[in-house]
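This is my_file_2.txt (compact mmCIF, C-alpha atoms).
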# COMPACT_ATOMS: atom_id res chain seq x y z
CA MET A 1274 -19.71 49.61 -26.99
CA ALA A 1275 -16.59 50.24 -24.95
CA GLN A 1276 -16.95 49.50 -21.25
CA VAL A 1277 -16.84 52.66 -19.22
CA ILE A 1278 -16.08 51.94 -15.60
CA LYS A 1279 -15.65 54.93 -13.34
CA LYS A 1280 -14.66 54.52 -9.75
CA ARG A 1281 -16.37 56.37 -6.90
CA GLN A 1282 -19.81 56.12 -8.37
CA GLY A 1283 -22.64 54.85 -6.22
CA ARG A 1284 -24.66 53.24 -8.98
CA PRO A 1285 -23.70 49.84 -10.39
CA PRO A 1286 -21.11 50.25 -13.13
CA THR A 1287 -21.58 49.41 -16.76
CA MET A 1288 -19.91 46.08 -17.28
CA GLU A 1289 -20.79 42.82 -18.87
CA ASN A 1290 -21.76 39.97 -16.56
CA PRO A 1291 -21.02 41.93 -13.36
CA ARG A 1292 -21.85 39.02 -11.04
CA GLY A 1293 -19.52 36.70 -12.92
CA ARG A 1294 -16.69 39.24 -12.86
CA ILE A 1295 -17.11 39.87 -9.14
CA LEU A 1296 -17.06 36.12 -8.42
CA ASP A 1297 -14.00 35.53 -10.60
CA GLU A 1298 -12.02 38.31 -8.95
CA ALA A 1299 -13.19 37.25 -5.48
CA ALA A 1300 -12.11 33.64 -6.11
CA ALA A 1301 -8.66 34.85 -7.18
CA LEU A 1302 -8.48 37.03 -4.06
CA PHE A 1303 -9.62 34.24 -1.69
CA ALA A 1304 -7.20 31.78 -3.30
CA ARG A 1305 -4.32 34.23 -2.92
CA ASP A 1306 -4.96 35.86 0.47
CA GLY A 1307 -7.33 33.43 2.15
CA TYR A 1308 -10.97 34.09 2.87
CA GLU A 1309 -10.43 35.76 6.25
CA SER A 1310 -7.83 38.23 4.99
CA ALA A 1311 -9.66 39.24 1.80
CA SER A 1312 -11.57 42.51 2.11
CA LEU A 1313 -14.45 43.81 0.01
CA GLY A 1314 -12.33 46.95 -0.52
CA SER A 1315 -9.59 45.02 -2.28
CA LEU A 1316 -12.24 43.10 -4.21
CA ALA A 1317 -13.74 46.40 -5.41
CA ASP A 1318 -10.26 47.56 -6.46
CA ALA A 1319 -9.64 44.32 -8.35
CA VAL A 1320 -12.94 44.58 -10.21
CA GLY A 1321 -12.40 48.32 -10.75
CA VAL A 1322 -15.59 49.49 -9.06
CA THR A 1323 -16.63 50.96 -5.71
CA LYS A 1324 -17.53 48.91 -2.66
CA ALA A 1325 -21.10 50.21 -3.08
CA ALA A 1326 -21.23 48.59 -6.50
CA ILE A 1327 -20.18 45.27 -4.97
CA TYR A 1328 -22.90 45.61 -2.32
CA HIS A 1329 -25.40 46.22 -5.12
CA TYR A 1330 -24.92 42.59 -6.19
CA TYR A 1331 -23.92 40.77 -2.99
CA PRO A 1332 -24.86 41.70 0.59
CA ASN A 1333 -21.65 40.34 2.17
CA LYS A 1334 -18.44 38.36 1.73
CA LYS A 1335 -19.97 35.09 2.87
CA GLU A 1336 -22.58 35.22 0.14
CA ILE A 1337 -19.89 35.90 -2.46
CA TYR A 1338 -18.00 32.87 -1.18
CA GLU A 1339 -21.07 30.67 -1.42
CA ALA A 1340 -21.96 32.01 -4.88
CA ILE A 1341 -18.44 31.06 -6.07
CA ILE A 1342 -19.04 27.50 -4.90
CA VAL A 1343 -22.39 27.26 -6.67
CA GLN A 1344 -21.00 28.83 -9.87
CA THR A 1345 -18.01 26.47 -9.86
CA LEU A 1346 -20.18 23.40 -9.29
CA GLU A 1347 -22.69 24.45 -11.98
CA GLY A 1348 -19.92 25.03 -14.49
CA LEU A 1349 -18.27 21.72 -13.62
CA LEU A 1350 -21.52 19.78 -13.97
CA SER A 1351 -22.41 21.25 -17.34
CA HIS A 1352 -18.87 20.97 -18.72
CA VAL A 1353 -18.54 17.30 -17.76
CA THR A 1354 -22.08 16.49 -18.90
CA ARG A 1355 -21.32 17.84 -22.38
CA ARG A 1356 -18.39 15.42 -22.64
CA LEU A 1357 -20.48 12.35 -21.88
CA ASP A 1358 -22.28 10.44 -24.61
CA GLU A 1359 -24.66 7.51 -24.31
CA ASN A 1360 -22.76 5.48 -26.88
CA MET A 1361 -19.56 5.41 -24.83
CA THR A 1362 -18.40 2.21 -23.14
CA PRO A 1363 -18.14 2.52 -19.33
CA SER A 1364 -14.33 2.78 -19.63
CA GLU A 1365 -14.62 5.56 -22.22
CA ALA A 1366 -17.19 7.37 -20.10
CA LEU A 1367 -15.02 7.17 -16.99
CA SER A 1368 -12.02 8.45 -18.92
CA SER A 1369 -14.06 11.28 -20.41
CA PHE A 1370 -15.51 12.21 -17.02
CA MET A 1371 -12.10 12.35 -15.34
CA SER A 1372 -10.42 14.31 -18.14
CA ALA A 1373 -13.28 16.81 -18.40
CA HIS A 1374 -13.19 17.32 -14.62
CA ALA A 1375 -9.44 18.00 -14.70
CA GLU A 1376 -9.80 20.34 -17.66
CA TYR A 1377 -12.49 22.39 -15.94
CA PHE A 1378 -10.49 22.41 -12.70
CA GLU A 1379 -7.39 23.80 -14.43
CA ALA A 1380 -9.40 26.47 -16.27
CA ASN A 1381 -11.24 27.47 -13.05
CA TYR A 1382 -8.43 26.93 -10.58
CA HIS A 1383 -9.27 29.77 -8.19
CA GLY A 1384 -12.91 28.73 -7.93
CA PHE A 1385 -11.81 25.20 -7.06
CA VAL A 1386 -9.34 26.41 -4.44
CA THR A 1387 -12.07 28.54 -2.88
CA MET A 1388 -14.50 25.63 -2.96
CA LEU A 1389 -12.23 22.82 -1.81
CA VAL A 1390 -9.33 24.10 0.26
CA GLY A 1391 -11.73 24.71 3.09
CA PHE A 1392 -12.06 28.30 4.21
CA GLY A 1393 -14.93 27.03 6.32
CA GLY A 1394 -18.18 25.40 5.37
CA MET A 1395 -21.18 27.10 3.88
CA GLU A 1396 -23.45 28.44 6.57
CA ASN A 1397 -26.53 30.15 5.32
CA SER A 1398 -28.74 31.20 2.43
CA ALA A 1399 -30.39 29.24 -0.33
CA PHE A 1400 -27.00 28.62 -1.93
CA ILE A 1401 -26.36 25.62 0.34
CA VAL A 1402 -29.37 23.77 -1.02
CA ASP A 1403 -28.31 24.57 -4.58
CA ALA A 1404 -24.75 23.43 -3.98
CA GLN A 1405 -25.83 20.15 -2.40
CA LYS A 1406 -28.25 19.45 -5.25
CA ILE A 1407 -25.60 20.08 -7.91
CA ARG A 1408 -22.99 18.03 -6.04
CA ARG A 1409 -25.38 15.08 -5.68
CA ASN A 1410 -26.22 15.36 -9.36
CA TYR A 1411 -22.53 15.44 -10.27
CA GLU A 1412 -21.53 12.51 -8.08
CA GLY A 1413 -24.59 10.63 -9.35
CA LYS A 1414 -23.34 10.91 -12.94
CA LEU A 1415 -20.05 9.29 -11.99
CA ARG A 1416 -21.74 6.59 -9.90
CA ASN A 1417 -24.03 5.82 -12.86
CA ILE A 1418 -21.02 5.17 -15.07
CA ILE A 1419 -19.62 2.73 -12.51
CA GLU A 1420 -22.98 1.07 -11.88
CA HIS A 1421 -23.63 0.53 -15.57
CA GLY A 1422 -20.14 -0.89 -16.03
CA VAL A 1423 -20.65 -3.33 -13.16
CA ALA A 1424 -24.16 -4.27 -14.36
CA ASP A 1425 -23.10 -5.10 -17.91
CA GLY A 1426 -19.98 -7.01 -16.87
CA HIS A 1427 -17.56 -4.41 -18.25
CA PHE A 1428 -16.29 -3.70 -14.73
CA ARG A 1429 -15.58 -5.99 -11.78
CA GLN A 1430 -18.12 -6.32 -8.96
CA VAL A 1431 -16.86 -3.27 -7.03
CA ASP A 1432 -18.88 -1.07 -4.69
CA PRO A 1433 -20.01 1.85 -6.90
CA SER A 1434 -20.17 4.32 -3.99
CA VAL A 1435 -16.67 3.57 -2.72
CA THR A 1436 -15.29 3.61 -6.27
CA THR A 1437 -16.99 6.95 -6.98
CA ARG A 1438 -15.40 8.34 -3.82
CA ALA A 1439 -11.97 6.98 -4.78
CA VAL A 1440 -12.13 8.65 -8.20
CA LEU A 1441 -13.35 11.99 -6.82
CA SER A 1442 -10.70 11.89 -4.07
CA MET A 1443 -7.92 11.64 -6.63
CA LEU A 1444 -9.40 14.48 -8.69
CA ASN A 1445 -10.28 16.73 -5.76
CA TRP A 1446 -6.93 16.36 -4.00
CA MET A 1447 -5.29 17.95 -7.07
CA VAL A 1448 -6.32 21.28 -5.61
CA ARG A 1449 -3.70 20.70 -2.91
CA TRP A 1450 -0.66 20.11 -5.11
CA PHE A 1451 -1.37 21.00 -8.75
CA LYS A 1452 -0.45 24.50 -9.93
CA PRO A 1453 -1.69 25.64 -13.36
CA GLY A 1454 0.89 26.78 -15.88
CA GLY A 1455 3.47 24.08 -15.20
CA GLU A 1456 4.88 21.47 -17.54
CA ARG A 1457 2.04 18.96 -17.27
CA SER A 1458 -1.66 19.66 -17.61
CA ALA A 1459 -4.18 18.50 -15.03
CA VAL A 1460 -5.77 16.43 -17.79
CA SER A 1461 -2.59 14.41 -18.29
CA PHE A 1462 -2.59 13.47 -14.60
CA ALA A 1463 -6.29 12.57 -14.78
CA GLU A 1464 -5.60 10.31 -17.75
CA GLU A 1465 -2.88 8.50 -15.82
CA TYR A 1466 -5.15 8.17 -12.76
CA CYS A 1467 -7.87 6.76 -15.02
CA ASP A 1468 -5.52 4.20 -16.51
CA LEU A 1469 -4.51 3.17 -12.99
CA ILE A 1470 -8.12 2.85 -11.81
CA LEU A 1471 -9.19 0.94 -14.91
CA GLY A 1472 -6.24 -1.40 -15.27
CA GLY A 1473 -5.11 -1.76 -11.68
CA LEU A 1474 -1.60 -1.92 -10.35
CA ARG A 1475 -1.17 -5.66 -10.14
CA LEU A 1476 0.07 -7.43 -13.24
CA GLN A 1477 -2.67 -9.77 -14.42
CA THR A 1478 -1.19 -13.13 -15.33
CA MET B 746 1.82 10.46 42.09
CA ALA B 747 -1.53 12.09 41.47
CA GLN B 748 -1.54 14.97 39.06
CA VAL B 749 -2.20 18.24 40.78
CA ILE B 750 -3.26 20.93 38.35
CA LYS B 751 -4.23 24.26 39.88
CA LYS B 752 -5.51 27.08 37.72
CA ARG B 753 -4.20 30.64 38.05
CA GLN B 754 -0.65 29.61 38.78
CA GLY B 755 2.16 31.24 36.84
CA ARG B 756 4.51 28.30 36.92
CA PRO B 757 4.07 25.38 34.54
CA PRO B 758 1.67 22.84 36.03
CA THR B 759 2.53 19.34 37.04
CA MET B 760 1.26 17.09 34.32
CA GLU B 761 2.57 14.25 32.28
CA ASN B 762 3.67 15.05 28.75
CA PRO B 763 2.47 18.67 28.84
CA ARG B 764 3.44 19.44 25.24
CA GLY B 765 1.55 16.41 23.98
CA ARG B 766 -1.55 17.31 25.97
CA ILE B 767 -1.50 20.92 24.76
CA LEU B 768 -1.16 19.80 21.15
CA ASP B 769 -3.97 17.24 21.46
CA GLU B 770 -6.38 19.76 22.98
CA ALA B 771 -5.36 22.42 20.47
CA ALA B 772 -5.96 20.05 17.55
CA ALA B 773 -9.44 19.27 18.87
CA LEU B 774 -10.11 22.99 19.28
CA PHE B 775 -8.83 23.89 15.79
CA ALA B 776 -10.81 21.04 14.24
CA ARG B 777 -13.99 22.18 16.02
CA ASP B 778 -13.78 25.99 15.87
CA GLY B 779 -11.28 26.60 13.08
CA TYR B 780 -7.80 27.97 13.56
CA GLU B 781 -8.78 31.65 13.37
CA SER B 782 -11.54 31.39 15.97
CA ALA B 783 -9.63 29.30 18.49
CA SER B 784 -8.13 31.34 21.34
CA LEU B 785 -5.28 30.48 23.67
CA GLY B 786 -7.68 31.22 26.52
CA SER B 787 -10.07 28.44 25.50
CA LEU B 788 -7.07 26.17 24.93
CA ALA B 789 -5.86 26.85 28.48
CA ASP B 790 -9.38 26.04 29.76
CA ALA B 791 -9.47 22.80 27.80
CA VAL B 792 -6.07 21.70 29.14
CA GLY B 793 -7.01 22.91 32.64
CA VAL B 794 -4.12 25.33 33.06
CA THR B 795 -3.51 29.08 32.78
CA LYS B 796 -2.60 30.89 29.60
CA ALA B 797 0.80 31.57 31.16
CA ALA B 798 1.36 27.84 31.41
CA ILE B 799 0.59 27.48 27.69
CA TYR B 800 3.07 30.27 26.91
CA HIS B 801 5.68 28.43 28.94
CA TYR B 802 5.69 25.73 26.26
CA TYR B 803 4.68 27.55 23.07
CA PRO B 804 5.22 31.23 22.22
CA ASN B 805 2.09 31.58 20.07
CA LYS B 806 -0.82 29.88 18.33
CA LYS B 807 1.00 29.53 15.02
CA GLU B 808 3.77 27.53 16.63
CA ILE B 809 1.21 25.23 18.28
CA TYR B 810 -0.41 24.72 14.89
CA GLU B 811 2.91 23.84 13.30
CA ALA B 812 3.88 21.55 16.18
CA ILE B 813 0.60 19.63 15.69
CA ILE B 814 1.53 19.05 12.06
CA VAL B 815 5.00 17.79 12.93
CA GLN B 816 3.68 15.57 15.73
CA THR B 817 0.98 14.09 13.46
CA LEU B 818 3.46 13.42 10.66
CA GLU B 819 6.00 11.87 13.03
CA GLY B 820 3.37 9.60 14.54
CA LEU B 821 2.07 8.61 11.11
CA LEU B 822 5.53 7.79 9.81
CA SER B 823 6.49 5.65 12.78
CA HIS B 824 3.11 3.87 12.94
CA VAL B 825 3.14 2.95 9.25
CA THR B 826 6.83 2.00 9.32
CA ARG B 827 6.16 -0.49 12.14
CA ARG B 828 3.57 -2.23 9.94
CA LEU B 829 5.94 -2.75 7.04
CA ASP B 830 8.14 -5.82 6.80
CA GLU B 831 10.82 -6.64 4.25
CA ASN B 832 9.37 -10.08 3.57
CA MET B 833 6.05 -8.70 2.31
CA THR B 834 5.16 -8.84 -1.37
CA PRO B 835 4.58 -5.40 -2.94
CA SER B 836 0.81 -6.00 -2.83
CA GLU B 837 0.96 -6.93 0.85
CA ALA B 838 3.15 -3.92 1.61
CA LEU B 839 0.78 -1.55 -0.21
CA SER B 840 -2.20 -3.00 1.62
CA SER B 841 -0.40 -2.73 4.95
CA PHE B 842 0.68 0.86 4.24
CA MET B 843 -2.83 1.98 3.33
CA SER B 844 -4.53 0.26 6.27
CA ALA B 845 -1.97 1.55 8.76
CA HIS B 846 -2.40 5.08 7.41
CA ALA B 847 -6.17 4.89 7.78
CA GLU B 848 -5.88 3.42 11.27
CA TYR B 849 -3.59 6.21 12.42
CA PHE B 850 -5.80 8.81 10.75
CA GLU B 851 -8.90 7.61 12.58
CA ALA B 852 -7.09 7.48 15.93
CA ASN B 853 -5.61 10.98 15.40
CA TYR B 854 -8.50 12.54 13.56
CA HIS B 855 -8.17 16.07 14.97
CA GLY B 856 -4.48 16.25 14.17
CA PHE B 857 -5.21 15.22 10.59
CA VAL B 858 -7.99 17.78 10.21
CA THR B 859 -5.65 20.47 11.52
CA MET B 860 -2.90 19.31 9.19
CA LEU B 861 -4.90 18.74 6.02
CA VAL B 862 -8.06 20.81 5.95
CA GLY B 863 -5.96 23.86 5.29
CA PHE B 864 -6.13 26.56 7.93
CA GLY B 865 -3.30 28.17 5.98
CA GLY B 866 0.18 26.98 5.23
CA MET B 867 3.05 26.80 7.65
CA GLU B 868 4.94 30.06 7.69
CA ASN B 869 7.87 30.15 10.00
CA SER B 870 10.12 28.37 12.45
CA ALA B 871 12.23 25.25 12.14
CA PHE B 872 9.06 23.14 12.13
CA ILE B 873 8.60 23.62 8.38
CA VAL B 874 11.90 21.94 7.62
CA ASP B 875 11.03 19.07 9.96
CA ALA B 876 7.59 18.63 8.43
CA GLN B 877 8.93 18.60 4.88
CA LYS B 878 11.61 16.08 5.81
CA ILE B 879 9.12 13.72 7.45
CA ARG B 880 6.62 14.09 4.59
CA ARG B 881 9.31 13.30 2.00
CA ASN B 882 10.39 10.30 4.06
CA TYR B 883 6.78 9.10 4.32
CA GLU B 884 5.97 9.51 0.64
CA GLY B 885 9.32 7.89 -0.19
CA LYS B 886 8.30 4.74 1.69
CA LEU B 887 5.16 4.42 -0.39
CA ARG B 888 7.01 5.17 -3.64
CA ASN B 889 9.58 2.50 -2.73
CA ILE B 890 6.84 -0.11 -2.46
CA ILE B 891 5.53 0.82 -5.93
CA GLU B 892 9.03 0.99 -7.44
CA HIS B 893 9.99 -2.41 -6.09
CA GLY B 894 6.74 -3.90 -7.38
CA VAL B 895 7.32 -2.47 -10.84
CA ALA B 896 10.99 -3.54 -10.86
CA ASP B 897 10.30 -7.15 -9.93
CA GLY B 898 7.36 -7.51 -12.33
CA HIS B 899 4.75 -7.80 -9.57
CA PHE B 900 3.15 -4.53 -10.72
CA ARG B 901 2.51 -3.13 -14.19
CA GLN B 902 4.87 -0.49 -15.64
CA VAL B 903 3.12 2.47 -13.97
CA ASP B 904 4.70 5.80 -13.04
CA PRO B 905 5.64 5.36 -9.34
CA SER B 906 5.31 9.09 -8.57
CA VAL B 907 1.84 9.43 -10.07
CA THR B 908 0.72 6.18 -8.44
CA THR B 909 2.06 7.34 -5.07
CA ARG B 910 0.08 10.56 -5.48
CA ALA B 911 -3.07 8.67 -6.44
CA VAL B 912 -2.88 6.49 -3.32
CA LEU B 913 -2.16 9.41 -0.97
CA SER B 914 -4.97 11.44 -2.56
CA MET B 915 -7.51 8.76 -1.75
CA LEU B 916 -6.23 8.47 1.82
CA ASN B 917 -5.84 12.20 2.45
CA TRP B 918 -9.23 13.18 1.05
CA MET B 919 -10.81 11.04 3.81
CA VAL B 920 -10.28 14.01 6.09
CA ARG B 921 -13.01 15.80 4.11
CA TRP B 922 -15.78 13.23 4.42
CA PHE B 923 -14.93 10.55 7.00
CA LYS B 924 -16.17 11.04 10.56
CA PRO B 925 -14.84 8.73 13.28
CA GLY B 926 -17.35 6.75 15.31
CA GLY B 927 -19.61 5.76 12.45
CA GLU B 928 -20.55 2.31 11.18
CA ARG B 929 -17.47 1.72 9.04
CA SER B 930 -13.86 2.19 10.08
CA ALA B 931 -11.42 4.21 8.00
CA VAL B 932 -9.41 1.00 7.64
CA SER B 933 -12.28 -0.77 5.90
CA PHE B 934 -12.43 2.03 3.29
CA ALA B 935 -8.66 1.89 2.85
CA GLU B 936 -8.88 -1.86 2.24
CA GLU B 937 -11.48 -1.35 -0.45
CA TYR B 938 -9.41 1.44 -2.06
CA CYS B 939 -6.39 -0.85 -2.00
CA ASP B 940 -8.31 -3.65 -3.69
CA LEU B 941 -9.44 -1.18 -6.36
CA ILE B 942 -5.91 0.13 -6.96
CA LEU B 943 -4.41 -3.35 -7.06
CA GLY B 944 -7.05 -5.12 -9.13
CA GLY B 945 -8.36 -2.28 -11.25
CA LEU B 946 -11.92 -1.60 -12.28
CA ARG B 947 -11.91 -3.22 -15.70
CA LEU B 948 -12.72 -6.91 -15.82
CA GLN B 949 -9.66 -8.73 -17.13
CA THR B 950 -10.67 -11.25 -19.77
Rewrite the structure from the file as structure tokens, please.
Amino acid sequence: MAQVIKKRQGRPPTMENPRGRILDEAAALFARDGYESASLGSLADAVGVTKAAIYHYYPNKKEIYEAIIVQTLEGLLSHVTRRLDENMTPSEALSSFMSAHAEYFEANYHGFVTMLVGFGGMENSAFIVDAQKIRRNYEGKLRNIIEHGVADGHFRQVDPSVTTRAVLSMLNWMVRWFKPGGERSAVSFAEEYCDLILGGLRLQT
Amino acid sequence: MAQVIKKRQGRPPTMENPRGRILDEAAALFARDGYESASLGSLADAVGVTKAAIYHYYPNKKEIYEAIIVQTLEGLLSHVTRRLDENMTPSEALSSFMSAHAEYFEANYHGFVTMLVGFGGMENSAFIVDAQKIRRNYEGKLRNIIEHGVADGHFRQVDPSVTTRAVLSMLNWMVRWFKPGGERSAVSFAEEYCDLILGGLRLQT
């Protein structure tokens, strides 16, 4: 069935996955104009519906912003989880985690910019609890990889929490300098970061 | 001579280093309230002068914001440069660079938050050129350390640009999770990051 989207109608329009589409367009808008400058009117134009249709799904801009964060985190968690496998060595798992993170980041660039560049923290609603739970779960997966590697002697006796933070810092800071569509993929940078973290800078003699 | 600062006077007040004081108070205000919410009125209150006195030094909020960035970068560059010494090994120089960065960050936390959390990019004025020049100079110092280490066989054959980015990512991301005044200093985290980058995660057998 062809999608028929008429503007100026009060009822929600006929479109597939309306919440997802609204969040995708809003993330692009926030990433381009900034959260403060983005209006629900321009969001409605971008989606091709009326403002009333937007309000049908989300009560205000703040809630859209928070829903983008939760959606991005959920997608990241499930994408990275699918790439991990119990039979991997800790080095393989770390490499897989970092590459999968970078891949998802590049494919969901606007959501990451919205989430990480810092248009202001999350303030209200049940979304905060969701986001914190997913983030803890996500960071926990990475820390597990490090902890297992340290426990079985594959890795040095490093502090798993500090190492987890170091890895996530390198990946998260990409949002500040990486632009999709250039010569190198985010994954290729993540692979080089992973090699650096695994092998170290100092020549072992 | 005692400082005499009267409110409600049109002329610039008598205070030492007025530009520095305005920028420090503005950075604290931006870090606390966000750039958008901060008003020149509350800045004047925080400094203890009139709005007219603020305008005597800076024409608008944007220029204050950009001046904070330049001041923070200048201070960072000169602080870190003082800690480097030509007789250091590349490992020592890297360690010194990272610790000095973290030390300056913790001591100038509000300036870093204003600079890095992303209240929006710099837009106008000669400050942009200054900031870019200082940033290039700063990153160049770090890249030099890596390049020398690779050239003299002290470090592995890594890509100096990617390694420079990895190190700065770990340091810069601190602005998103580190809060001054806690149990651990920023320097102690930087030391652990440096050990990780130098020695690597994988046990060398």
Around segment 813-826 of chain B, fit a box with edges along x, y and z, padding it by 8 Å on each side, then list its centre and edge lengths in Å to one decimal as JSON.
{"center_x": 3.7, "center_y": 10.8, "center_z": 12.5, "size_x": 22.2, "size_y": 33.6, "size_z": 22.5}
For the interface of chain A with chain B (cut-off 8 Å, counting all atoms listed in the file), please tabulate each contacting residue of chain A alongside its nearest pair of atoms and their separation in Å to one decimal, rows sorted by chain and increasing number, as JSON lines.
{"residue": "A:Gly1307", "atom": "CA", "partner": "B:Gly865", "partner_atom": "CA", "distance": 7.7}
{"residue": "A:Ser1364", "atom": "CA", "partner": "B:Arg947", "partner_atom": "CA", "distance": 7.6}
{"residue": "A:Val1390", "atom": "CA", "partner": "B:Gly863", "partner_atom": "CA", "distance": 6.1}
{"residue": "A:Gly1391", "atom": "CA", "partner": "B:Val862", "partner_atom": "CA", "distance": 6.1}
{"residue": "A:Phe1392", "atom": "CA", "partner": "B:Phe864", "partner_atom": "CA", "distance": 7.2}
{"residue": "A:Gly1393", "atom": "CA", "partner": "B:Gly779", "partner_atom": "CA", "distance": 7.7}
{"residue": "A:Gly1426", "atom": "CA", "partner": "B:Leu948", "partner_atom": "CA", "distance": 7.3}
{"residue": "A:His1427", "atom": "CA", "partner": "B:Leu948", "partner_atom": "CA", "distance": 6.0}
{"residue": "A:Phe1428", "atom": "CA", "partner": "B:Arg947", "partner_atom": "CA", "distance": 4.5}
{"residue": "A:Arg1429", "atom": "CA", "partner": "B:Leu948", "partner_atom": "CA", "distance": 5.0}
{"residue": "A:Val1431", "atom": "CA", "partner": "B:Leu946", "partner_atom": "CA", "distance": 7.4}
{"residue": "A:Val1435", "atom": "CA", "partner": "B:Glu937", "partner_atom": "CA", "distance": 7.5}
{"residue": "A:Thr1436", "atom": "CA", "partner": "B:Tyr938", "partner_atom": "CA", "distance": 7.6}
{"residue": "A:Ala1439", "atom": "CA", "partner": "B:Met915", "partner_atom": "CA", "distance": 5.7}
{"residue": "A:Val1440", "atom": "CA", "partner": "B:Met915", "partner_atom": "CA", "distance": 7.9}
{"residue": "A:Ser1442", "atom": "CA", "partner": "B:Met915", "partner_atom": "CA", "distance": 5.0}
{"residue": "A:Met1443", "atom": "CA", "partner": "B:Ser914", "partner_atom": "CA", "distance": 5.0}
{"residue": "A:Asn1445", "atom": "CA", "partner": "B:Trp918", "partner_atom": "CA", "distance": 7.8}
{"residue": "A:Trp1446", "atom": "CA", "partner": "B:Ser914", "partner_atom": "CA", "distance": 5.5}
{"residue": "A:Met1447", "atom": "CA", "partner": "B:Ser914", "partner_atom": "CA", "distance": 7.9}
{"residue": "A:Phe1462", "atom": "CA", "partner": "B:Val907", "partner_atom": "CA", "distance": 7.5}
{"residue": "A:Glu1465", "atom": "CA", "partner": "B:Val907", "partner_atom": "CA", "distance": 7.5}
{"residue": "A:Tyr1466", "atom": "CA", "partner": "B:Ala911", "partner_atom": "CA", "distance": 6.7}
{"residue": "A:Leu1469", "atom": "CA", "partner": "B:Gly945", "partner_atom": "CA", "distance": 6.9}
{"residue": "A:Ile1470", "atom": "CA", "partner": "B:Gly945", "partner_atom": "CA", "distance": 5.2}
{"residue": "A:Leu1471", "atom": "CA", "partner": "B:Leu946", "partner_atom": "CA", "distance": 4.6}
{"residue": "A:Gly1472", "atom": "CA", "partner": "B:Gly945", "partner_atom": "CA", "distance": 4.6}
{"residue": "A:Gly1473", "atom": "CA", "partner": "B:Gly945", "partner_atom": "CA", "distance": 3.3}
{"residue": "A:Leu1474", "atom": "CA", "partner": "B:Leu943", "partner_atom": "CA", "distance": 4.6}
{"residue": "A:Arg1475", "atom": "CA", "partner": "B:Phe900", "partner_atom": "CA", "distance": 4.5}
{"residue": "A:Leu1476", "atom": "CA", "partner": "B:Phe900", "partner_atom": "CA", "distance": 4.9}
{"residue": "A:Gln1477", "atom": "CA", "partner": "B:Gln949", "partner_atom": "CA", "distance": 7.6}
Store the residues of this selection in a file with C-alpha atoms, as an mmCIF file, in the frame of the given file.
data_model
loop_
_atom_site.group_PDB
_atom_site.id
_atom_site.type_symbol
_atom_site.label_atom_id
_atom_site.label_comp_id
_atom_site.auth_asym_id
_atom_site.auth_seq_id
_atom_site.Cartn_x
_atom_site.Cartn_y
_atom_site.Cartn_z
ATOM 1 C CA GLY A 1307 -7.330 33.430 2.150
ATOM 2 C CA SER A 1364 -14.330 2.780 -19.630
ATOM 3 C CA VAL A 1390 -9.330 24.100 0.260
ATOM 4 C CA GLY A 1391 -11.730 24.710 3.090
ATOM 5 C CA PHE A 1392 -12.060 28.300 4.210
ATOM 6 C CA GLY A 1393 -14.930 27.030 6.320
ATOM 7 C CA GLY A 1426 -19.980 -7.010 -16.870
ATOM 8 C CA HIS A 1427 -17.560 -4.410 -18.250
ATOM 9 C CA PHE A 1428 -16.290 -3.700 -14.730
ATOM 10 C CA ARG A 1429 -15.580 -5.990 -11.780
ATOM 11 C CA VAL A 1431 -16.860 -3.270 -7.030
ATOM 12 C CA VAL A 1435 -16.670 3.570 -2.720
ATOM 13 C CA THR A 1436 -15.290 3.610 -6.270
ATOM 14 C CA ALA A 1439 -11.970 6.980 -4.780
ATOM 15 C CA VAL A 1440 -12.130 8.650 -8.200
ATOM 16 C CA SER A 1442 -10.700 11.890 -4.070
ATOM 17 C CA MET A 1443 -7.920 11.640 -6.630
ATOM 18 C CA ASN A 1445 -10.280 16.730 -5.760
ATOM 19 C CA TRP A 1446 -6.930 16.360 -4.000
ATOM 20 C CA MET A 1447 -5.290 17.950 -7.070
ATOM 21 C CA PHE A 1462 -2.590 13.470 -14.600
ATOM 22 C CA GLU A 1465 -2.880 8.500 -15.820
ATOM 23 C CA TYR A 1466 -5.150 8.170 -12.760
ATOM 24 C CA LEU A 1469 -4.510 3.170 -12.990
ATOM 25 C CA ILE A 1470 -8.120 2.850 -11.810
ATOM 26 C CA LEU A 1471 -9.190 0.940 -14.910
ATOM 27 C CA GLY A 1472 -6.240 -1.400 -15.270
ATOM 28 C CA GLY A 1473 -5.110 -1.760 -11.680
ATOM 29 C CA LEU A 1474 -1.600 -1.920 -10.350
ATOM 30 C CA ARG A 1475 -1.170 -5.660 -10.140
ATOM 31 C CA LEU A 1476 0.070 -7.430 -13.240
ATOM 32 C CA GLN A 1477 -2.670 -9.770 -14.420
#
Report, in Å to a single decimal, how far apart atom CA of Ala771 of chain B and atom CA of Thr759 of chain B are.
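That distance, rounded to one decimal, is 18.6 Å.
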Find the residues around His855 of chain B up to 8 Å (all atoms listed in the file counted), leave out those fewer than 4 positions away in its own chain, and share them as JSON, numbers by chain.
{"B": [769, 772, 773, 775, 776, 859]}
Hey, can you spit out that residue selection with C-alpha atoms as a CSV table (one decimal), in the frame of the given file?
chain,number,residue,atom,x,y,z
B,769,ASP,CA,-4.0,17.2,21.5
B,772,ALA,CA,-6.0,20.0,17.6
B,773,ALA,CA,-9.4,19.3,18.9
B,775,PHE,CA,-8.8,23.9,15.8
B,776,ALA,CA,-10.8,21.0,14.2
B,859,THR,CA,-5.6,20.5,11.5
Given all atoms listed in the file as the basis, pick out the residue of A:Arg1305, A:Lys1414, A:Arg1294, A:Lys1335 nearest to Leu1367 of chain A.
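Closest to Leu1367 of chain A of all the choices is A:Lys1414.
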